[in-house]
Amino acid sequence: MPRVSRKQADLNRETIVDAATRLFRERGLHGISVVDVMAAAGLTHGGFYGHFESREALAQEASGRAFEQAAQRWQARVADQESKDTARRAVVGTYLSSESRDNPGDSCPVVAFAGDMCHEAAESGLRQTYLQGLNNLLDSLGSLLDTEDEADKRQQALVQYSLMFGALMLSRATRGDPLSDEILEAARAALSASKLRFFT
């Protein structure tokens, strides 16, 4: 069997990571196998270990990519906004949309991987990737808040992101029931208030 060119090997590797990134967000970091990933990538199972030492190595790279994609989407949403507040509302509106709820493969990795992180060892690479990704998103949200006090900014970002996270998680858990849309609408309304403050 002829050897694959270096260019094709690189393309195959990217295809594998892209497929894993989507599947991990849909089913969780421990919910799929190497066979699942390779099938989604349209490649044979035997070729996996030519690209990755282990499933865990792929999971870490794919989770890192998921957080990179999330950060890029946030940046794209805020790029043309007229103010910090309209930018924040744009992020919230997309995050707490029915599209986000119904398409976990393209949605927030913080929500997608949270259950897995509850059982991950504190020193694991996966957990460190998760913490770094979450902190980056918190910093991005904080940069959209209208305060110069760093401690206040951090508190506001933590509370607002926690509400976003919880509402998205609950809306997925109740999808198909009117309560799901009700949760999204209530969270969007609370986070879109013109004088939003949870701390004084």
# chains A, B, ... in the order shown; residues from 1 in each chain; ligands from 1
>>> closest_atom_pairs(of="range 88-170 of chain A", to="range 26-40 of chain A", cutoff="8 Å", atoms="only C-alpha atoms", output="JSON lines")
{"residue": "A:Asn103", "atom": "CA", "partner": "A:Glu26", "partner_atom": "CA", "distance": 7.9}
{"residue": "A:Pro104", "atom": "CA", "partner": "A:Glu26", "partner_atom": "CA", "distance": 5.1}
{"residue": "A:Gly105", "atom": "CA", "partner": "A:Glu26", "partner_atom": "CA", "distance": 4.7}
{"residue": "A:Ala112", "atom": "CA", "partner": "A:Gly28", "partner_atom": "CA", "distance": 6.0}
{"residue": "A:Phe113", "atom": "CA", "partner": "A:Gly28", "partner_atom": "CA", "distance": 5.7}
{"residue": "A:Gly115", "atom": "CA", "partner": "A:Gly28", "partner_atom": "CA", "distance": 7.8}
{"residue": "A:Asp116", "atom": "CA", "partner": "A:Leu29", "partner_atom": "CA", "distance": 6.5}
>>> write_last_selection(atoms="N, CA and C atoms", output="compact mmCIF listing (two decimals), in the first residue's frame")
# COMPACT_ATOMS: atom_id res chain seq x y z
N ASN A 103 -27.45 22.65 19.01
CA ASN A 103 -26.27 22.24 18.24
C ASN A 103 -25.04 22.19 19.13
N PRO A 104 -24.99 21.25 20.07
CA PRO A 104 -23.86 21.20 21.00
C PRO A 104 -22.52 20.98 20.32
N GLY A 105 -22.51 20.38 19.13
CA GLY A 105 -21.25 20.16 18.44
C GLY A 105 -20.56 21.42 18.00
N ALA A 112 -20.04 21.64 27.46
CA ALA A 112 -19.87 20.29 26.92
C ALA A 112 -18.99 19.40 27.78
N PHE A 113 -17.93 19.99 28.35
CA PHE A 113 -16.93 19.19 29.07
C PHE A 113 -17.06 19.26 30.59
N GLY A 115 -19.18 18.07 32.84
CA GLY A 115 -19.43 16.81 33.53
C GLY A 115 -18.19 15.94 33.61
N ASP A 116 -17.42 15.91 32.51
CA ASP A 116 -16.18 15.13 32.51
C ASP A 116 -15.17 15.69 33.50
>>> residues_around(residues="range 5-20 of chain A", least_positions_apart="4", cutoff="8 Å", atoms="only C-alpha atoms", output="PDB file with N, CA and C atoms, in the first residue's frame")
ATOM      1  N   PHE A  24     -16.652  15.346  20.669  1.00  0.00           N
ATOM      2  CA  PHE A  24     -16.457  15.527  22.104  1.00  0.00           C
ATOM      3  C   PHE A  24     -17.445  16.542  22.661  1.00  0.00           C
ATOM      4  N   VAL A  37     -14.374   8.343  16.341  1.00  0.00           N
ATOM      5  CA  VAL A  37     -13.710   9.518  15.778  1.00  0.00           C
ATOM      6  C   VAL A  37     -13.258   9.249  14.351  1.00  0.00           C
ATOM      7  N   MET A  38     -12.608   8.117  14.141  1.00  0.00           N
ATOM      8  CA  MET A  38     -12.084   7.820  12.814  1.00  0.00           C
ATOM      9  C   MET A  38     -13.210   7.621  11.805  1.00  0.00           C
ATOM     10  N   ALA A  40     -16.113   9.158  11.935  1.00  0.00           N
ATOM     11  CA  ALA A  40     -16.607  10.506  11.655  1.00  0.00           C
ATOM     12  C   ALA A  40     -15.665  11.260  10.733  1.00  0.00           C
ATOM     13  N   ALA A  41     -14.368  10.951  10.830  1.00  0.00           N
ATOM     14  CA  ALA A  41     -13.369  11.598   9.978  1.00  0.00           C
ATOM     15  C   ALA A  41     -13.300  10.959   8.595  1.00  0.00           C
ATOM     16  N   HIS A  51      -0.952   9.239  14.057  1.00  0.00           N
ATOM     17  CA  HIS A  51      -1.121  10.671  14.316  1.00  0.00           C
ATOM     18  C   HIS A  51      -1.084  11.019  15.793  1.00  0.00           C
ATOM     19  N   LEU A  58      -5.402  12.937  21.852  1.00  0.00           N
ATOM     20  CA  LEU A  58      -6.362  13.541  20.925  1.00  0.00           C
ATOM     21  C   LEU A  58      -7.392  14.369  21.684  1.00  0.00           C
ATOM     22  N   ALA A  59      -7.892  13.839  22.796  1.00  0.00           N
ATOM     23  CA  ALA A  59      -8.906  14.552  23.575  1.00  0.00           C
ATOM     24  C   ALA A  59      -8.384  15.906  24.045  1.00  0.00           C
ATOM     25  N   GLU A  61      -5.948  17.745  22.664  1.00  0.00           N
ATOM     26  CA  GLU A  61      -5.807  18.658  21.528  1.00  0.00           C
ATOM     27  C   GLU A  61      -7.170  19.129  21.022  1.00  0.00           C
ATOM     28  N   ALA A  62      -8.118  18.206  20.957  1.00  0.00           N
ATOM     29  CA  ALA A  62      -9.450  18.569  20.475  1.00  0.00           C
ATOM     30  C   ALA A  62     -10.148  19.533  21.426  1.00  0.00           C
TER      31      ALA A  62
END
>>> select_by_dssp(residues="range 10-179 of chain A", states="helix (DSSP H, G or I)", output="ChimeraX atom specification")
/A:10-27,34-41,45-50,55-78,84-95,98-102,104-106,109-117,125-142,150-173,178-179
>>> residues_around(residues="range 159-172 of chain A", least_positions_apart="5", cutoff="8 Å", atoms="only C-alpha atoms", output="PDB file with all heavy atoms, in the first residue's frame")
ATOM      1  N   VAL A  92     -24.142  37.265  24.626  1.00  0.00           N
ATOM      2  CA  VAL A  92     -25.181  36.616  25.426  1.00  0.00           C
ATOM      3  C   VAL A  92     -26.302  36.093  24.535  1.00  0.00           C
ATOM      4  O   VAL A  92     -26.769  34.956  24.690  1.00  0.00           O
ATOM      5  CB  VAL A  92     -25.747  37.596  26.480  1.00  0.00           C
ATOM      6  CG1 VAL A  92     -27.016  37.035  27.123  1.00  0.00           C
ATOM      7  CG2 VAL A  92     -24.698  37.894  27.542  1.00  0.00           C
ATOM      8  N   TYR A  95     -25.132  32.995  22.679  1.00  0.00           N
ATOM      9  CA  TYR A  95     -24.860  31.907  23.626  1.00  0.00           C
ATOM     10  C   TYR A  95     -26.157  31.289  24.121  1.00  0.00           C
ATOM     11  O   TYR A  95     -26.263  30.065  24.232  1.00  0.00           O
ATOM     12  CB  TYR A  95     -24.052  32.462  24.797  1.00  0.00           C
ATOM     13  CG  TYR A  95     -23.442  31.423  25.703  1.00  0.00           C
ATOM     14  CD1 TYR A  95     -22.100  31.086  25.592  1.00  0.00           C
ATOM     15  CD2 TYR A  95     -24.187  30.788  26.697  1.00  0.00           C
ATOM     16  CE1 TYR A  95     -21.522  30.133  26.429  1.00  0.00           C
ATOM     17  CE2 TYR A  95     -23.622  29.845  27.529  1.00  0.00           C
ATOM     18  CZ  TYR A  95     -22.293  29.516  27.397  1.00  0.00           C
ATOM     19  OH  TYR A  95     -21.728  28.580  28.219  1.00  0.00           O
ATOM     20  N   LEU A  96     -27.144  32.124  24.410  1.00  0.00           N
ATOM     21  CA  LEU A  96     -28.414  31.658  24.973  1.00  0.00           C
ATOM     22  C   LEU A  96     -29.506  31.584  23.912  1.00  0.00           C
ATOM     23  O   LEU A  96     -30.659  31.924  24.159  1.00  0.00           O
ATOM     24  CB  LEU A  96     -28.838  32.572  26.127  1.00  0.00           C
ATOM     25  CG  LEU A  96     -27.903  32.552  27.327  1.00  0.00           C
ATOM     26  CD1 LEU A  96     -28.357  33.563  28.379  1.00  0.00           C
ATOM     27  CD2 LEU A  96     -27.811  31.157  27.934  1.00  0.00           C
ATOM     28  N   ARG A 101     -28.387  25.909  21.898  1.00  0.00           N
ATOM     29  CA  ARG A 101     -28.931  24.786  22.672  1.00  0.00           C
ATOM     30  C   ARG A 101     -29.013  23.515  21.835  1.00  0.00           C
ATOM     31  O   ARG A 101     -28.664  22.429  22.298  1.00  0.00           O
ATOM     32  CB  ARG A 101     -30.333  25.139  23.175  1.00  0.00           C
ATOM     33  CG  ARG A 101     -31.036  23.999  23.893  1.00  0.00           C
ATOM     34  CD  ARG A 101     -32.530  24.291  24.043  1.00  0.00           C
ATOM     35  NE  ARG A 101     -33.171  24.421  22.738  1.00  0.00           N
ATOM     36  CZ  ARG A 101     -34.349  25.019  22.549  1.00  0.00           C
ATOM     37  NH1 ARG A 101     -35.014  25.542  23.566  1.00  0.00           N
ATOM     38  NH2 ARG A 101     -34.870  25.096  21.343  1.00  0.00           N
ATOM     39  N   ASP A 102     -29.465  23.660  20.588  1.00  0.00           N
ATOM     40  CA  ASP A 102     -29.767  22.493  19.758  1.00  0.00           C
ATOM     41  C   ASP A 102     -28.576  21.953  18.981  1.00  0.00           C
ATOM     42  O   ASP A 102     -28.682  20.901  18.341  1.00  0.00           O
ATOM     43  CB  ASP A 102     -30.895  22.838  18.780  1.00  0.00           C
ATOM     44  CG  ASP A 102     -32.200  23.192  19.478  1.00  0.00           C
ATOM     45  OD1 ASP A 102     -32.359  22.811  20.659  1.00  0.00           O
ATOM     46  OD2 ASP A 102     -33.040  23.859  18.850  1.00  0.00           O
ATOM     47  N   VAL A 110     -17.245  24.793  27.516  1.00  0.00           N
ATOM     48  CA  VAL A 110     -17.347  24.837  28.975  1.00  0.00           C
ATOM     49  C   VAL A 110     -18.513  23.968  29.431  1.00  0.00           C
ATOM     50  O   VAL A 110     -18.392  23.173  30.369  1.00  0.00           O
ATOM     51  CB  VAL A 110     -17.511  26.282  29.483  1.00  0.00           C
ATOM     52  CG1 VAL A 110     -17.677  26.302  30.999  1.00  0.00           C
ATOM     53  CG2 VAL A 110     -16.322  27.140  29.077  1.00  0.00           C
ATOM     54  N   VAL A 111     -19.636  24.094  28.754  1.00  0.00           N
ATOM     55  CA  VAL A 111     -20.809  23.279  29.063  1.00  0.00           C
ATOM     56  C   VAL A 111     -20.570  21.823  28.653  1.00  0.00           C
ATOM     57  O   VAL A 111     -20.845  20.901  29.419  1.00  0.00           O
ATOM     58  CB  VAL A 111     -22.058  23.840  28.351  1.00  0.00           C
ATOM     59  CG1 VAL A 111     -23.252  22.910  28.519  1.00  0.00           C
ATOM     60  CG2 VAL A 111     -22.402  25.228  28.891  1.00  0.00           C
ATOM     61  N   LEU A 138     -13.690  33.882  30.479  1.00  0.00           N
ATOM     62  CA  LEU A 138     -14.054  34.823  31.546  1.00  0.00           C
ATOM     63  C   LEU A 138     -13.378  36.178  31.338  1.00  0.00           C
ATOM     64  O   LEU A 138     -13.996  37.227  31.532  1.00  0.00           O
ATOM     65  CB  LEU A 138     -13.661  34.245  32.902  1.00  0.00           C
ATOM     66  CG  LEU A 138     -14.538  33.113  33.434  1.00  0.00           C
ATOM     67  CD1 LEU A 138     -13.862  32.428  34.621  1.00  0.00           C
ATOM     68  CD2 LEU A 138     -15.925  33.634  33.828  1.00  0.00           C
ATOM     69  N   LEU A 141     -15.209  37.976  28.545  1.00  0.00           N
ATOM     70  CA  LEU A 141     -16.466  38.561  29.019  1.00  0.00           C
ATOM     71  C   LEU A 141     -16.181  39.764  29.898  1.00  0.00           C
ATOM     72  O   LEU A 141     -16.840  40.811  29.774  1.00  0.00           O
ATOM     73  CB  LEU A 141     -17.274  37.517  29.783  1.00  0.00           C
ATOM     74  CG  LEU A 141     -18.626  37.968  30.324  1.00  0.00           C
ATOM     75  CD1 LEU A 141     -19.525  38.458  29.200  1.00  0.00           C
ATOM     76  CD2 LEU A 141     -19.299  36.828  31.088  1.00  0.00           C
ATOM     77  N   LEU A 179     -40.455  24.676  29.054  1.00  0.00           N
ATOM     78  CA  LEU A 179     -39.556  25.199  30.077  1.00  0.00           C
ATOM     79  C   LEU A 179     -38.180  25.539  29.489  1.00  0.00           C
ATOM     80  O   LEU A 179     -37.527  26.481  29.942  1.00  0.00           O
ATOM     81  CB  LEU A 179     -39.401  24.167  31.206  1.00  0.00           C
ATOM     82  CG  LEU A 179     -38.448  24.522  32.349  1.00  0.00           C
ATOM     83  CD1 LEU A 179     -38.877  25.815  33.038  1.00  0.00           C
ATOM     84  CD2 LEU A 179     -38.367  23.367  33.338  1.00  0.00           C
ATOM     85  N   SER A 180     -37.746  24.810  28.491  1.00  0.00           N
ATOM     86  CA  SER A 180     -36.435  25.038  27.898  1.00  0.00           C
ATOM     87  C   SER A 180     -36.316  26.444  27.327  1.00  0.00           C
ATOM     88  O   SER A 180     -35.356  27.172  27.612  1.00  0.00           O
ATOM     89  CB  SER A 180     -36.180  23.993  26.803  1.00  0.00           C
ATOM     90  OG  SER A 180     -34.905  24.190  26.221  1.00  0.00           O
ATOM     91  N   ASP A 181     -37.311  26.844  26.521  1.00  0.00           N
ATOM     92  CA  ASP A 181     -37.294  28.203  25.964  1.00  0.00           C
ATOM     93  C   ASP A 181     -37.487  29.240  27.054  1.00  0.00           C
ATOM     94  O   ASP A 181     -36.907  30.336  26.993  1.00  0.00           O
ATOM     95  CB  ASP A 181     -38.397  28.353  24.909  1.00  0.00           C
ATOM     96  CG  ASP A 181     -38.074  27.589  23.635  1.00  0.00           C
ATOM     97  OD1 ASP A 181     -36.882  27.509  23.269  1.00  0.00           O
ATOM     98  OD2 ASP A 181     -39.014  27.068  22.998  1.00  0.00           O
ATOM     99  N   ILE A 183     -36.416  29.121  30.099  1.00  0.00           N
ATOM    100  CA  ILE A 183     -35.132  29.310  30.778  1.00  0.00           C
ATOM    101  C   ILE A 183     -34.231  30.228  29.970  1.00  0.00           C
ATOM    102  O   ILE A 183     -33.628  31.174  30.507  1.00  0.00           O
ATOM    103  CB  ILE A 183     -34.450  27.948  31.019  1.00  0.00           C
ATOM    104  CG1 ILE A 183     -35.198  27.158  32.091  1.00  0.00           C
ATOM    105  CG2 ILE A 183     -32.984  28.134  31.416  1.00  0.00           C
ATOM    106  CD1 ILE A 183     -34.809  25.691  32.158  1.00  0.00           C
ATOM    107  N   LEU A 184     -34.124  29.984  28.670  1.00  0.00           N
ATOM    108  CA  LEU A 184     -33.283  30.826  27.815  1.00  0.00           C
ATOM    109  C   LEU A 184     -33.762  32.273  27.813  1.00  0.00           C
ATOM    110  O   LEU A 184     -32.961  33.212  27.924  1.00  0.00           O
ATOM    111  CB  LEU A 184     -33.277  30.294  26.378  1.00  0.00           C
ATOM    112  CG  LEU A 184     -32.561  28.963  26.136  1.00  0.00           C
ATOM    113  CD1 LEU A 184     -32.706  28.545  24.669  1.00  0.00           C
ATOM    114  CD2 LEU A 184     -31.081  29.065  26.505  1.00  0.00           C
ATOM    115  N   ALA A 187     -33.006  34.043  31.218  1.00  0.00           N
ATOM    116  CA  ALA A 187     -31.580  34.354  31.375  1.00  0.00           C
ATOM    117  C   ALA A 187     -31.164  35.491  30.448  1.00  0.00           C
ATOM    118  O   ALA A 187     -30.415  36.386  30.850  1.00  0.00           O
ATOM    119  CB  ALA A 187     -30.745  33.109  31.111  1.00  0.00           C
ATOM    120  N   LEU A 191     -29.649  39.098  31.716  1.00  0.00           N
ATOM    121  CA  LEU A 191     -28.310  39.512  31.299  1.00  0.00           C
ATOM    122  C   LEU A 191     -28.319  40.682  30.339  1.00  0.00           C
ATOM    123  O   LEU A 191     -27.274  41.301  30.101  1.00  0.00           O
ATOM    124  CB  LEU A 191     -27.591  38.320  30.651  1.00  0.00           C
ATOM    125  CG  LEU A 191     -27.182  37.222  31.629  1.00  0.00           C
ATOM    126  CD1 LEU A 191     -26.898  35.922  30.893  1.00  0.00           C
ATOM    127  CD2 LEU A 191     -25.973  37.657  32.438  1.00  0.00           C
ATOM    128  N   PHE A 198     -24.869  42.653  39.521  1.00  0.00           N
ATOM    129  CA  PHE A 198     -25.177  41.666  40.554  1.00  0.00           C
ATOM    130  C   PHE A 198     -24.505  42.009  41.862  1.00  0.00           C
ATOM    131  O   PHE A 198     -24.758  41.427  42.864  1.00  0.00           O
ATOM    132  CB  PHE A 198     -24.758  40.264  40.081  1.00  0.00           C
ATOM    133  CG  PHE A 198     -25.578  39.750  38.952  1.00  0.00           C
ATOM    134  CD1 PHE A 198     -25.138  39.877  37.643  1.00  0.00           C
ATOM    135  CD2 PHE A 198     -26.809  39.158  39.182  1.00  0.00           C
ATOM    136  CE1 PHE A 198     -25.906  39.393  36.578  1.00  0.00           C
ATOM    137  CE2 PHE A 198     -27.574  38.675  38.136  1.00  0.00           C
ATOM    138  CZ  PHE A 198     -27.126  38.798  36.838  1.00  0.00           C
TER     139      PHE A 198
END
>>> residues_around(residues="range 144-149 of chain A", least_positions_apart="2", cutoff="12 Å", atoms="only C-alpha atoms", output="PyMOL selection string")
chain A and resi 74-75+77-79+81-92+137-142+151-158+160-161+191+194-197+199-200
>>> write_last_selection(atoms="C-alpha atoms", output="PDB file, in the first residue's frame")
ATOM      1  CA  TRP A  74     -16.796  35.574  20.562  1.00  0.00           C
ATOM      2  CA  GLN A  75     -14.286  37.878  18.861  1.00  0.00           C
ATOM      3  CA  ARG A  77     -19.493  38.660  17.429  1.00  0.00           C
ATOM      4  CA  VAL A  78     -18.056  41.711  19.144  1.00  0.00           C
ATOM      5  CA  ALA A  79     -15.883  43.016  16.295  1.00  0.00           C
ATOM      6  CA  GLN A  81     -20.362  46.395  17.895  1.00  0.00           C
ATOM      7  CA  GLU A  82     -20.611  50.062  18.844  1.00  0.00           C
ATOM      8  CA  SER A  83     -20.039  49.673  22.572  1.00  0.00           C
ATOM      9  CA  LYS A  84     -18.969  47.187  25.211  1.00  0.00           C
ATOM     10  CA  ASP A  85     -22.571  46.720  26.291  1.00  0.00           C
ATOM     11  CA  THR A  86     -23.884  45.958  22.800  1.00  0.00           C
ATOM     12  CA  ALA A  87     -20.955  43.585  22.313  1.00  0.00           C
ATOM     13  CA  ARG A  88     -21.760  41.806  25.586  1.00  0.00           C
ATOM     14  CA  ARG A  89     -25.404  41.515  24.592  1.00  0.00           C
ATOM     15  CA  ALA A  90     -24.410  40.053  21.225  1.00  0.00           C
ATOM     16  CA  VAL A  91     -22.381  37.366  22.968  1.00  0.00           C
ATOM     17  CA  VAL A  92     -25.181  36.616  25.426  1.00  0.00           C
ATOM     18  CA  LEU A 137     -13.528  33.185  28.156  1.00  0.00           C
ATOM     19  CA  LEU A 138     -14.054  34.823  31.546  1.00  0.00           C
ATOM     20  CA  ASP A 139     -11.410  37.411  30.645  1.00  0.00           C
ATOM     21  CA  SER A 140     -13.121  38.023  27.313  1.00  0.00           C
ATOM     22  CA  LEU A 141     -16.466  38.561  29.019  1.00  0.00           C
ATOM     23  CA  GLY A 142     -14.836  40.786  31.634  1.00  0.00           C
ATOM     24  CA  ALA A 151     -11.904  42.812  41.222  1.00  0.00           C
ATOM     25  CA  ASP A 152     -15.409  43.965  40.353  1.00  0.00           C
ATOM     26  CA  LYS A 153     -14.880  42.999  36.718  1.00  0.00           C
ATOM     27  CA  ARG A 154     -13.856  39.492  37.741  1.00  0.00           C
ATOM     28  CA  GLN A 155     -16.860  39.100  40.053  1.00  0.00           C
ATOM     29  CA  GLN A 156     -19.263  40.333  37.388  1.00  0.00           C
ATOM     30  CA  ALA A 157     -17.768  38.026  34.762  1.00  0.00           C
ATOM     31  CA  LEU A 158     -17.974  35.020  37.090  1.00  0.00           C
ATOM     32  CA  GLN A 160     -22.725  36.433  34.412  1.00  0.00           C
ATOM     33  CA  TYR A 161     -20.899  33.499  32.869  1.00  0.00           C
ATOM     34  CA  LEU A 191     -28.310  39.512  31.299  1.00  0.00           C
ATOM     35  CA  SER A 194     -29.497  48.008  30.658  1.00  0.00           C
ATOM     36  CA  LYS A 195     -28.210  48.511  34.208  1.00  0.00           C
ATOM     37  CA  LEU A 196     -27.099  44.970  34.863  1.00  0.00           C
ATOM     38  CA  ARG A 197     -25.286  44.566  38.178  1.00  0.00           C
ATOM     39  CA  PHE A 199     -22.836  43.392  42.999  1.00  0.00           C
ATOM     40  CA  THR A 200     -22.860  46.935  44.364  1.00  0.00           C
TER      41      THR A 200
END
>>> atom_distance(atom1="CA of Ser107 in chain A", atom2="CA of Thr94 in chain A")
9.8 Å
